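I have placed the structure first, in the form of structure tokens, so that the comments after it can refer back to it.
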Amino acid sequence: MTTLDILPEVTCPPTDLWSDEPPLESDLHLQQIIILLSCLELLWQEKNDYYASGNLTIYYNEEQLKKRDFCGPDFFVVLDTEKRPRKSWVVWGEQGKYPNVIVEILSDSTANIDRTKKKILYQNTFRTPNYFWFDPNTLEFQGFTILEGQYQAISPNDRGYLWSEQLGLYLGIFDRKLRYFTADGQLVPTPQEAELQQRQAKEQILLEKEQILLEKEQERQAKEQALLEKEQALLEKEQERQAKERLAAKLRELGINPQTI
């Protein structure tokens with residue numbers, strides 16, 4: 001019998017697992033997740049070293065599989081990883097990486113769990129550096145960062161925004177939605193807003209070009225008018241000169257010296 005024959009059989013938990021999350025509770029939840037995801041994708045369109053998703057199961061241990069005790073944040077971001085489609089986030093298949101940022105969208109049925117059980121899970125097991133929750137109905141908004149192993153509330157700035165050092169962005173409420181803001185307080189646009197801004201910018205450039213062309217045309221017309229007026233003045237002088245010559249000629253015919261008059 002060889003040494004290999006007496007080694008215990010090693011079984012590894014699967015890594016290709018489908019997400020097992022329930023449907024979203026409302027259109028507000030869906031809209032909010034889409035905003036968080038699409039804005040970040042637009043802002044980070046040149047980046048390929050992160051993964052962001054919403055309402056997707058995170059599998060983090062084998063015992064969790066047996067108990068079917070799954071956890072699927074409404075929105076989460078993992079940094080320093082490969083940006084590619086996934087069926088779920090399987091921690092043991094992702095080099096042990098947990099989310100760097102989690103956002104839960106509160107509802108009547110989940111708010112208590114999000115504030116207690118999930119907060120403890122994200123703090124003690126996930127060790128997720130930034131955790132936020134937001135209620136799209138009441139606009140309750142809170143954020144936490146881990147300090148010495150415990151979540152501490154993030155203090156808002158003078159506009160009520162909460163800083164995420166993981167994202168390098170503020171999160172704050174705008175038009176009753178949770179949105180991103182840059183370090184200098186600029187709203188990160190949605191793809192639709194960015195498209196509108198680009199269209200408006202192009203229209204503004206076109207208007208400015210048309211205004212420049214109009215001003216040049218007005219300048220050309222003014223020069224042309226000045227030239228016409230100058231030509232008219234010369235014509236009138238020439239007509240006056242010709243009239244004087246005709247008068248002088250008539251006087252000379254009558255034997256009168258025009259210069260004596």
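Letters A, B, ... mark the chains of the structure tokens in the order given; residue numbers begin at 1 per chain; ligand numbers begin at 1, in order shown.
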| task | Taking the chain letters and numbering used in this document, name the residues of region 96-212 of chain A that DSSP puts in strand (DSSP E or B), as a VMD selection string. | result | chain A and resid 101 to 105 130 to 134 141 to 147 150 to 153 162 to 164 169 to 174 177 to 181 187
| Near Arg159 (chain A), within 12 Å and counting only C-alpha atoms, which residues show up once chain neighbours fewer than 5 positions away are dropped, as an MDAnalysis selection string? | chainID A and resid 170:174 181 184:186
Those residues with N, CA, C and O atoms, as a CSV table (one decimal), in the first residue's frame please?
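That gives us selection.csv:
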```csv
chain,number,residue,atom,x,y,z
A,170,TYR,N,-18.4,60.1,-2.4
A,170,TYR,CA,-19.5,60.3,-1.4
A,170,TYR,C,-20.7,59.6,-1.8
A,170,TYR,O,-21.0,59.4,-3.0
A,171,LEU,N,-21.6,59.2,-0.9
A,171,LEU,CA,-22.9,58.7,-1.1
A,171,LEU,C,-23.9,59.7,-0.5
A,171,LEU,O,-23.6,60.1,0.7
A,172,GLY,N,-24.9,60.1,-1.2
A,172,GLY,CA,-25.9,61.1,-0.6
A,172,GLY,C,-27.2,61.0,-1.4
A,172,GLY,O,-27.3,60.3,-2.4
A,173,ILE,N,-28.2,61.7,-0.8
A,173,ILE,CA,-29.5,61.6,-1.4
A,173,ILE,C,-29.7,62.8,-2.4
A,173,ILE,O,-29.4,63.9,-2.0
A,174,PHE,N,-30.2,62.5,-3.5
A,174,PHE,CA,-30.5,63.5,-4.6
A,174,PHE,C,-31.8,63.0,-5.3
A,174,PHE,O,-31.8,61.9,-5.8
A,181,PHE,N,-21.4,61.0,-5.4
A,181,PHE,CA,-20.8,62.4,-5.6
A,181,PHE,C,-19.3,62.3,-5.5
A,181,PHE,O,-18.8,61.5,-4.7
A,184,ASP,N,-15.2,66.5,-4.8
A,184,ASP,CA,-15.6,67.9,-4.8
A,184,ASP,C,-17.1,68.2,-4.8
A,184,ASP,O,-17.5,69.3,-5.1
A,185,GLY,N,-17.9,67.1,-4.6
A,185,GLY,CA,-19.3,67.3,-4.5
A,185,GLY,C,-20.1,67.3,-5.7
A,185,GLY,O,-21.3,67.6,-5.7
A,186,GLN,N,-19.5,66.9,-6.9
A,186,GLN,CA,-20.2,66.9,-8.1
A,186,GLN,C,-21.0,65.6,-8.2
A,186,GLN,O,-20.5,64.5,-8.0
```
| request: Calculate how many Å separate CA of Leu187 (chain A) from CA of Arg199 (chain A), rounding to one decimal. | output: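 Computing it gives 17.7 Å between the two atoms.
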Using only C-alpha atoms, find each residue in region 151-243 of chain A having at least one atom no more than 12 Å away from region 45-52 of chain A; report its shortest atom-to-atom pair and that distance in Å (one decimal), rows by chain then rising number, as a Markdown table.
```
| residue | atom | partner | partner_atom | distance |
| --- | --- | --- | --- | --- |
| A:Gln166 | CA | A:Tyr50 | CA | 11.5 |
| A:Leu167 | CA | A:Tyr50 | CA | 10.6 |
| A:Pro191 | CA | A:Gln45 | CA | 11.2 |
```
| task | Work out how far apart CA of Ile58 (chain A) and CA of Pro156 (chain A) are and give it in Å to one decimal. | result |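 Interatomic distance here is 29.1 Å.
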| task | Quick one: everything within 8 Å of Gly149 (chain A), counting only C-alpha atoms, minus sequence neighbours fewer than 6 positions away in the same chain. Send it as a ChimeraX atom specification. | result | /A:123-124,127
